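Source file structure_1.csv; content: CSV, C-alpha atoms.
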```csv
chain,number,residue,atom,x,y,z
A,1,MET,CA,42.2,34.6,-10.8
A,2,ARG,CA,45.9,33.8,-11.0
A,3,TYR,CA,48.6,36.4,-11.4
A,4,VAL,CA,49.3,37.4,-15.0
A,5,GLU,CA,51.8,40.0,-16.1
A,6,PHE,CA,50.7,42.5,-18.7
A,7,THR,CA,51.5,46.1,-19.8
A,8,LEU,CA,49.0,48.9,-19.9
A,9,SER,CA,49.2,51.9,-22.3
A,10,ILE,CA,47.6,54.9,-20.6
A,11,ASP,CA,47.2,58.5,-21.7
A,12,ALA,CA,48.5,61.6,-19.8
A,13,PRO,CA,45.3,62.3,-17.8
A,14,THR,CA,45.2,58.7,-16.5
A,15,PHE,CA,48.9,58.9,-15.7
A,16,ILE,CA,48.3,62.1,-13.7
A,17,GLN,CA,45.3,60.5,-11.9
A,18,CYS,CA,47.6,57.6,-10.8
A,19,HIS,CA,49.9,60.3,-9.3
A,20,LEU,CA,47.0,61.9,-7.4
A,21,ASN,CA,46.0,58.4,-6.0
A,22,ALA,CA,49.6,57.9,-4.9
A,23,PHE,CA,49.8,61.3,-3.3
A,24,ASP,CA,46.6,60.6,-1.4
A,25,PHE,CA,47.9,57.2,-0.2
A,26,PHE,CA,51.2,58.6,1.1
A,27,GLY,CA,49.6,61.8,2.3
A,28,GLY,CA,52.0,64.0,0.3
A,29,TYR,CA,54.8,64.2,-2.2
A,30,THR,CA,58.5,64.9,-2.4
A,31,GLU,CA,60.4,67.9,-3.7
A,32,GLU,CA,61.7,65.9,-6.7
A,33,ILE,CA,60.4,62.9,-8.5
A,34,LEU,CA,62.4,60.8,-10.9
A,35,TYR,CA,60.8,59.7,-14.2
A,36,ASP,CA,61.5,57.6,-17.2
A,37,ASN,CA,61.5,59.2,-20.7
A,38,ILE,CA,57.9,58.4,-21.7
A,39,LYS,CA,55.4,60.4,-23.9
A,40,GLN,CA,53.1,61.0,-21.0
A,41,ILE,CA,55.9,63.1,-19.5
A,42,ILE,CA,58.3,64.4,-22.1
A,43,ILE,CA,57.9,65.5,-25.7
A,44,LYS,CA,61.5,66.5,-26.4
A,45,ARG,CA,64.3,65.9,-24.0
A,46,ALA,CA,67.1,68.5,-23.5
A,47,ILE,CA,70.5,68.0,-22.0
A,48,LYS,CA,69.2,69.6,-18.8
A,49,SER,CA,66.0,68.0,-17.9
A,50,THR,CA,64.4,71.2,-16.6
A,51,GLU,CA,64.7,72.7,-20.0
A,52,SER,CA,63.0,69.9,-21.8
A,53,GLU,CA,59.7,70.2,-23.7
A,54,TRP,CA,57.2,68.6,-21.4
A,55,ASN,CA,53.8,67.0,-22.1
A,56,SER,CA,51.5,70.1,-21.6
A,57,GLN,CA,49.1,68.3,-19.3
A,58,PHE,CA,51.9,66.9,-17.2
A,59,GLU,CA,53.6,70.3,-17.0
A,60,GLN,CA,50.4,71.9,-15.7
A,61,PHE,CA,50.3,69.1,-13.1
A,62,PHE,CA,53.9,69.4,-11.7
A,63,ARG,CA,53.8,73.2,-11.7
A,64,HIS,CA,50.5,73.1,-9.8
A,65,PHE,CA,52.1,71.1,-7.0
A,66,GLY,CA,55.5,72.8,-7.3
A,67,PHE,CA,57.7,69.7,-7.4
A,68,THR,CA,60.7,69.2,-9.8
A,69,PRO,CA,60.6,66.4,-12.3
A,70,ARG,CA,63.9,64.7,-13.0
A,71,LEU,CA,64.5,62.4,-16.0
A,72,CYS,CA,66.5,59.2,-16.1
A,73,ARG,CA,69.5,59.1,-18.5
A,74,PRO,CA,68.4,57.3,-21.7
A,75,TYR,CA,69.6,53.7,-22.1
A,76,ARG,CA,70.9,53.6,-18.5
A,77,PRO,CA,68.6,51.3,-16.4
A,78,GLN,CA,70.9,51.7,-13.4
A,79,THR,CA,69.4,55.2,-12.9
A,80,LYS,CA,66.2,53.7,-11.7
A,81,GLY,CA,67.5,50.5,-10.3
A,82,LYS,CA,65.9,50.9,-6.9
A,83,ILE,CA,62.4,51.0,-8.3
A,84,GLU,CA,63.1,48.1,-10.7
A,85,SER,CA,64.2,46.1,-7.7
A,86,THR,CA,61.0,47.0,-5.8
A,87,ILE,CA,58.8,46.0,-8.7
A,88,GLY,CA,60.5,42.6,-8.8
A,89,PHE,CA,60.0,42.2,-5.0
A,90,VAL,CA,56.2,43.0,-5.4
A,91,LYS,CA,56.0,40.4,-8.2
A,92,ARG,CA,57.8,37.7,-6.3
A,93,ASP,CA,56.4,38.3,-2.8
A,94,PHE,CA,52.8,39.4,-3.5
A,95,PHE,CA,51.6,38.4,-7.0
A,96,MET,CA,53.3,35.1,-7.7
A,97,GLY,CA,51.3,32.2,-6.3
A,98,GLY,CA,48.4,34.5,-5.3
A,99,ASN,CA,44.7,33.9,-5.8
A,100,PHE,CA,42.4,36.8,-6.4
A,101,SER,CA,38.7,36.5,-7.0
A,102,SER,CA,38.3,40.1,-8.3
A,103,LEU,CA,40.1,43.4,-8.6
A,104,SER,CA,38.5,44.5,-5.3
A,105,ASP,CA,39.8,41.3,-3.7
A,106,LEU,CA,43.3,42.0,-5.1
A,107,ASP,CA,43.2,45.6,-3.7
A,108,SER,CA,42.2,44.3,-0.3
A,109,GLN,CA,45.0,41.7,-0.2
A,110,LEU,CA,47.5,44.3,-1.4
A,111,VAL,CA,46.7,46.7,1.4
A,112,SER,CA,47.2,43.9,3.9
A,113,TRP,CA,50.5,42.9,2.3
A,114,LEU,CA,51.7,46.6,2.4
A,115,LYS,CA,50.9,46.9,6.0
A,116,ARG,CA,52.9,43.8,6.8
A,117,VAL,CA,56.0,44.5,4.7
A,118,ASN,CA,56.2,48.2,5.6
A,119,SER,CA,56.2,47.4,9.3
A,120,ASN,CA,59.2,45.1,9.1
A,121,VAL,CA,62.9,46.2,9.1
A,122,HIS,CA,64.2,46.8,5.5
A,123,GLY,CA,67.2,44.7,4.6
A,124,THR,CA,69.2,47.5,3.1
A,125,THR,CA,68.3,50.6,5.2
A,126,GLN,CA,67.9,48.6,8.4
A,127,GLU,CA,64.9,50.8,9.1
A,128,ILE,CA,61.2,50.3,9.2
A,129,PRO,CA,59.7,51.8,6.0
A,130,ASP,CA,56.6,53.3,7.8
A,131,ALA,CA,58.9,55.1,10.3
A,132,ARG,CA,61.2,56.3,7.6
A,133,LEU,CA,58.3,57.7,5.6
A,134,LYS,CA,57.2,59.9,8.5
A,135,ALA,CA,60.8,61.3,8.7
A,136,GLU,CA,60.6,62.4,5.0
A,137,ASN,CA,58.5,65.5,5.8
A,138,LEU,CA,56.5,65.2,2.6
A,139,ASN,CA,54.7,68.2,1.2
A,140,LEU,CA,51.2,67.7,2.4
A,141,ILE,CA,48.6,67.1,-0.3
A,142,GLY,CA,45.9,68.8,1.7
A,143,GLU,CA,47.8,72.1,1.6
A,144,CYS,CA,47.5,72.4,-2.2
A,145,PRO,CA,44.4,73.5,-4.1
A,146,THR,CA,42.5,70.6,-5.8
A,147,PHE,CA,44.0,69.7,-9.2
A,148,ILE,CA,41.2,68.8,-11.7
A,149,VAL,CA,42.3,66.2,-14.2
A,150,CYS,CA,40.9,67.1,-17.6
A,151,ARG,CA,40.8,64.6,-20.5
A,152,GLU,CA,40.2,65.6,-24.1
A,153,VAL,CA,38.9,63.4,-26.9
A,154,MET,CA,37.8,64.2,-30.5
A,155,ARG,CA,34.5,63.3,-31.9
A,156,LYS,CA,32.7,63.8,-35.2
A,157,ILE,CA,29.2,65.2,-34.9
A,158,SER,CA,26.8,63.0,-36.9
A,159,ARG,CA,24.4,64.4,-39.6
A,160,ASP,CA,21.5,63.7,-37.2
A,161,CYS,CA,23.2,66.0,-34.6
A,162,PHE,CA,24.6,63.5,-32.1
A,163,ILE,CA,28.0,62.6,-30.7
A,164,SER,CA,28.9,59.3,-29.1
A,165,TYR,CA,30.9,58.8,-25.9
A,166,GLU,CA,31.4,55.5,-24.0
A,167,GLY,CA,28.5,53.8,-25.7
A,168,ASN,CA,25.9,56.6,-25.2
A,169,LYS,CA,24.7,59.3,-27.6
A,170,TYR,CA,24.3,63.0,-26.8
A,171,SER,CA,22.5,65.6,-28.9
A,172,VAL,CA,24.2,68.9,-30.0
A,173,PRO,CA,22.7,72.0,-31.6
A,174,TYR,CA,21.7,71.2,-35.2
A,175,GLN,CA,23.8,74.0,-36.6
A,176,PHE,CA,27.0,72.0,-35.9
A,177,ALA,CA,26.0,68.7,-37.6
A,178,GLY,CA,28.9,67.2,-39.5
A,179,CYS,CA,31.6,69.3,-37.6
A,180,ASP,CA,34.6,68.0,-35.6
A,181,ALA,CA,34.1,68.5,-31.9
A,182,LYS,CA,36.4,68.3,-28.8
A,183,LEU,CA,35.1,66.8,-25.6
A,184,GLN,CA,36.7,68.2,-22.4
A,185,ILE,CA,36.0,65.7,-19.6
A,186,GLU,CA,36.3,66.5,-15.9
A,187,ASN,CA,35.1,64.1,-13.3
A,188,ASN,CA,31.6,63.0,-14.3
A,189,ARG,CA,30.9,65.8,-16.8
A,190,PHE,CA,32.1,67.0,-20.2
A,191,GLU,CA,31.8,70.0,-22.4
A,192,VAL,CA,31.5,69.9,-26.2
A,193,LEU,CA,33.6,72.5,-28.0
A,194,VAL,CA,33.6,73.3,-31.7
A,195,GLY,CA,36.7,75.4,-32.3
A,196,SER,CA,37.0,77.4,-29.1
A,197,LYS,CA,33.2,77.7,-28.5
A,198,VAL,CA,31.4,75.6,-25.9
A,199,ILE,CA,28.2,74.5,-27.5
A,200,CYS,CA,26.8,72.3,-24.8
A,201,GLU,CA,27.7,70.2,-21.7
A,202,TYR,CA,26.5,67.0,-20.1
A,203,GLU,CA,26.7,64.7,-17.1
A,204,ILE,CA,28.2,61.4,-18.3
A,205,GLN,CA,25.6,58.7,-18.3
A,206,SER,CA,26.2,55.3,-16.8
A,207,GLY,CA,25.8,52.1,-18.9
A,208,SER,CA,25.5,52.1,-22.7
A,209,GLY,CA,22.9,52.3,-25.4
A,210,ARG,CA,21.3,55.4,-23.9
A,211,THR,CA,20.4,58.6,-25.9
A,212,CYS,CA,20.3,62.0,-24.3
A,213,ARG,CA,18.2,64.4,-26.5
A,214,ILE,CA,17.7,68.1,-25.6
A,215,LYS,CA,14.7,69.5,-27.4
A,216,GLU,CA,16.2,73.0,-27.7
A,217,HIS,CA,19.0,71.6,-29.9
A,218,PHE,CA,16.5,71.0,-32.7
A,219,SER,CA,14.5,74.2,-32.2
A,220,GLY,CA,14.1,75.9,-35.6
A,221,LEU,CA,15.4,73.0,-37.6
A,222,LEU,CA,12.0,72.2,-39.3
A,223,SER,CA,11.4,75.8,-40.4
A,224,GLU,CA,15.0,76.1,-41.8
A,225,VAL,CA,14.5,72.8,-43.8
A,226,LEU,CA,11.3,74.2,-45.3
A,227,LYS,CA,12.9,77.5,-46.1
A,228,GLU,CA,15.8,75.6,-47.8
A,229,ASN,CA,13.4,73.5,-49.8
A,230,CYS,CA,11.4,76.6,-51.0
A,231,SER,CA,14.7,78.3,-52.0
A,232,ARG,CA,15.7,75.3,-54.1
A,233,MET,CA,12.4,75.1,-55.8
A,234,GLN,CA,12.6,78.7,-56.8
A,235,LYS,CA,16.0,78.3,-58.2
A,236,GLN,CA,14.9,75.2,-60.2
A,237,GLY,CA,11.7,76.8,-61.5
A,238,ASP,CA,8.7,74.8,-62.8
A,239,ILE,CA,9.5,71.1,-63.3
A,240,LEU,CA,7.2,70.9,-66.3
A,241,ARG,CA,7.6,73.7,-68.9
A,242,PHE,CA,6.0,73.7,-72.4
A,243,PRO,CA,7.4,75.8,-75.2
A,244,ASP,CA,5.2,78.6,-76.6
A,245,LEU,CA,3.2,77.2,-79.6
A,246,ALA,CA,2.8,79.2,-82.8
A,247,VAL,CA,-1.0,79.5,-83.7
A,248,ASN,CA,-2.2,80.5,-87.2
A,249,THR,CA,-4.8,83.3,-87.1
A,250,ARG,CA,-7.6,83.5,-89.8
A,251,PRO,CA,-10.5,85.9,-90.3
A,252,LEU,CA,-13.9,84.7,-89.3
A,253,SER,CA,-15.1,84.8,-92.9
A,254,VAL,CA,-13.0,81.8,-93.6
A,255,TYR,CA,-14.9,79.7,-91.1
A,256,ASP,CA,-18.3,81.1,-92.4
A,257,GLU,CA,-17.4,80.0,-95.9
A,258,LEU,CA,-16.4,76.6,-94.6
A,259,ILE,CA,-19.7,76.1,-92.7
A,260,GLY,CA,-21.7,77.3,-95.7
A,261,GLY,CA,-20.0,74.9,-97.9
A,262,LEU,CA,-20.8,72.0,-95.6
A,263,GLU,CA,-24.5,73.0,-95.5
A,264,ASN,CA,-24.8,73.1,-99.3
A,265,GLU,CA,-23.5,69.6,-99.4
```
Kindly present the structure from the file in structure tokens form.
Amino acid sequence: MRYVEFTLSIDAPTFIQCHLNAFDFFGGYTEEILYDNIKQIIIKRAIKSTESEWNSQFEQFFRHFGFTPRLCRPYRPQTKGKIESTIGFVKRDFFMGGNFSSLSDLDSQLVSWLKRVNSNVHGTTQEIPDARLKAENLNLIGECPTFIVCREVMRKISRDCFISYEGNKYSVPYQFAGCDAKLQIENNRFEVLVGSKVICEYEIQSGSGRTCRIKEHFSGLLSEVLKENCSRMQKQGDILRFPDLAVNTRPLSVYDELIGGLENE
């Protein structure tokens, strides 16, 4: 495939996962990191960036590792000029004119390209980037506890007691049919919460079109349906009801006289 430029819109957890991948690649991270003013990072900016209202998930991330996030000045692209220049270099020197058969092929070629350019003397610093990186004394990623990236998505539980995620269906206890649920996703598992209560959890299934049904989620459903039907019938009463009929009462002598009269005829 040929190089095509496009823009990706990612959520905060994916943005954080990109950080973790970068930390792993470099083997560590710096004391401060400069950011643009995007929603994955900042909710409300203050004059002093450290007093800003951060995206809650991003705040958990930078406090976990202990680095200080700095924000670029709005509408001043010179603040991040070095990274903009680097992006342009990657576009011109690696992507443009390149041929890639797949994403894995692109990744493989990119690693080879990085090894080449980072082992050459940089035109501005007059240093070899690989050698300069070693002198940075990064905070080692291995010295920090593992940070678990948790994603959250909302789902509506169907009337037949299932939720859908990435093309597959998962059952939930029937008592929660029709409720709004939150999925908390970590690695290859997720928990289903209604309010603050965890009602079930699953391993994420591969592929699509699969249905995961747990028998216990429907235990007691039939008896409850029958009980509800009986209750409704009792409230409604008999479907067919005839009004009481008024019947005339006569002494038996009246019928004797009638019969006698018929016999005489």
(request) Can you work out the spacing between CA of Ile87 (chain A) and CA of Ile10 (chain A) in Å, to one decimal? (result)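 Interatomic distance, CA of Ile87 (chain A) to CA of Ile10 (chain A): 18.6 Å.
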(request) Have a look at CA of Glu127 (chain A) and CA of Trp113 (chain A) and let me know their distance in Å, one decimal. (result)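 Separating CA of Glu127 (chain A) from CA of Trp113 (chain A) is a distance of 17.8 Å.
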(message) Residues proximal to (21.8, 64.1, -29.6) were defined as those with any atom within 9 Å of that point in the file's coordinates, counting only C-alpha atoms. Which are they, as a ChimeraX atom specification?
(response) /A:158,160-164,169-173,211-214,217
Can you write out the residues you just picked, keeping C-alpha atoms, as an mmCIF file, keeping the file's coordinate frame?
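Result written to result11.cif:
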```cif
data_model
loop_
_atom_site.group_PDB
_atom_site.id
_atom_site.type_symbol
_atom_site.label_atom_id
_atom_site.label_comp_id
_atom_site.auth_asym_id
_atom_site.auth_seq_id
_atom_site.Cartn_x
_atom_site.Cartn_y
_atom_site.Cartn_z
ATOM 1 C CA SER A 158 26.800 63.000 -36.900
ATOM 2 C CA ASP A 160 21.500 63.700 -37.200
ATOM 3 C CA CYS A 161 23.200 66.000 -34.600
ATOM 4 C CA PHE A 162 24.600 63.500 -32.100
ATOM 5 C CA ILE A 163 28.000 62.600 -30.700
ATOM 6 C CA SER A 164 28.900 59.300 -29.100
ATOM 7 C CA LYS A 169 24.700 59.300 -27.600
ATOM 8 C CA TYR A 170 24.300 63.000 -26.800
ATOM 9 C CA SER A 171 22.500 65.600 -28.900
ATOM 10 C CA VAL A 172 24.200 68.900 -30.000
ATOM 11 C CA PRO A 173 22.700 72.000 -31.600
ATOM 12 C CA THR A 211 20.400 58.600 -25.900
ATOM 13 C CA CYS A 212 20.300 62.000 -24.300
ATOM 14 C CA ARG A 213 18.200 64.400 -26.500
ATOM 15 C CA ILE A 214 17.700 68.100 -25.600
ATOM 16 C CA HIS A 217 19.000 71.600 -29.900
#
```
Dump as a tab-separated table the rows for residues of region 103-192 of chain A within 10 Å of region 63-71 of chain A: closest atom pair and distance in Å with one decimal, all atoms listed in the file counted, ordered by chain and rising residue number.
```
residue	atom	partner	partner_atom	distance
A:Asn139	CA	A:Phe65	CA	9.1
A:Ile141	CA	A:Phe65	CA	8.6
A:Glu143	CA	A:Phe65	CA	9.7
A:Cys144	CA	A:Phe65	CA	6.8
A:Pro145	CA	A:His64	CA	8.4
A:Thr146	CA	A:His64	CA	9.3
A:Phe147	CA	A:His64	CA	7.4
```
(message) Please compute the CA of Tyr174 (chain A)-CA of Leu193 (chain A) distance, one decimal, in Å.
(response)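 Going from CA of Tyr174 (chain A) over to CA of Leu193 (chain A) covers 14.0 Å.
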(message) Need the shell around region 180-191 of chain A: protein/DNA/RNA residues with any atom at most 10 Å away, counting only C-alpha atoms. Skip same-chain ones fewer than 2 positions apart. Format as a count of residues only?
(response) 30
(message) When you count all atoms listed in the file, which of these residues is closest to Leu221 (chain A): A:Gly209, A:Gln175, A:Asn118, A:Leu34?
(response) A:Gln175
(request) Determine the nearest neighbour of Thr30 (chain A) from the options A:Trp54, A:Pro251, A:Ser219, A:Phe62, counting all atoms listed in the file. (result)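 Comparing A:Trp54, A:Pro251, A:Ser219, A:Phe62 against Thr30 (chain A), the winner is A:Phe62.
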(message) Applying 12 Å and all atoms listed in the file, which residues near Lys134 (chain A) remain after dropping the ones on its own chain fewer than 4 positions away? List them as a ChimeraX atom specification.
(response) /A:26-29,127-130,138-140
Any chance you can output those residues with C-alpha atoms as a compact mmCIF listing (two decimals), in the coordinates of the input?
```txt
# COMPACT_ATOMS: atom_id res chain seq x y z
CA PHE A 26 51.20 58.60 1.10
CA GLY A 27 49.60 61.80 2.30
CA GLY A 28 52.00 64.00 0.30
CA TYR A 29 54.80 64.20 -2.20
CA GLU A 127 64.90 50.80 9.10
CA ILE A 128 61.20 50.30 9.20
CA PRO A 129 59.70 51.80 6.00
CA ASP A 130 56.60 53.30 7.80
CA LEU A 138 56.50 65.20 2.60
CA ASN A 139 54.70 68.20 1.20
CA LEU A 140 51.20 67.70 2.40
```
(message) Residues within 9 Å of (62.0, 60.4, -15.0), file coordinates, counting only C-alpha atoms: what are they? Give the list as a count of residues only.
(response) 14
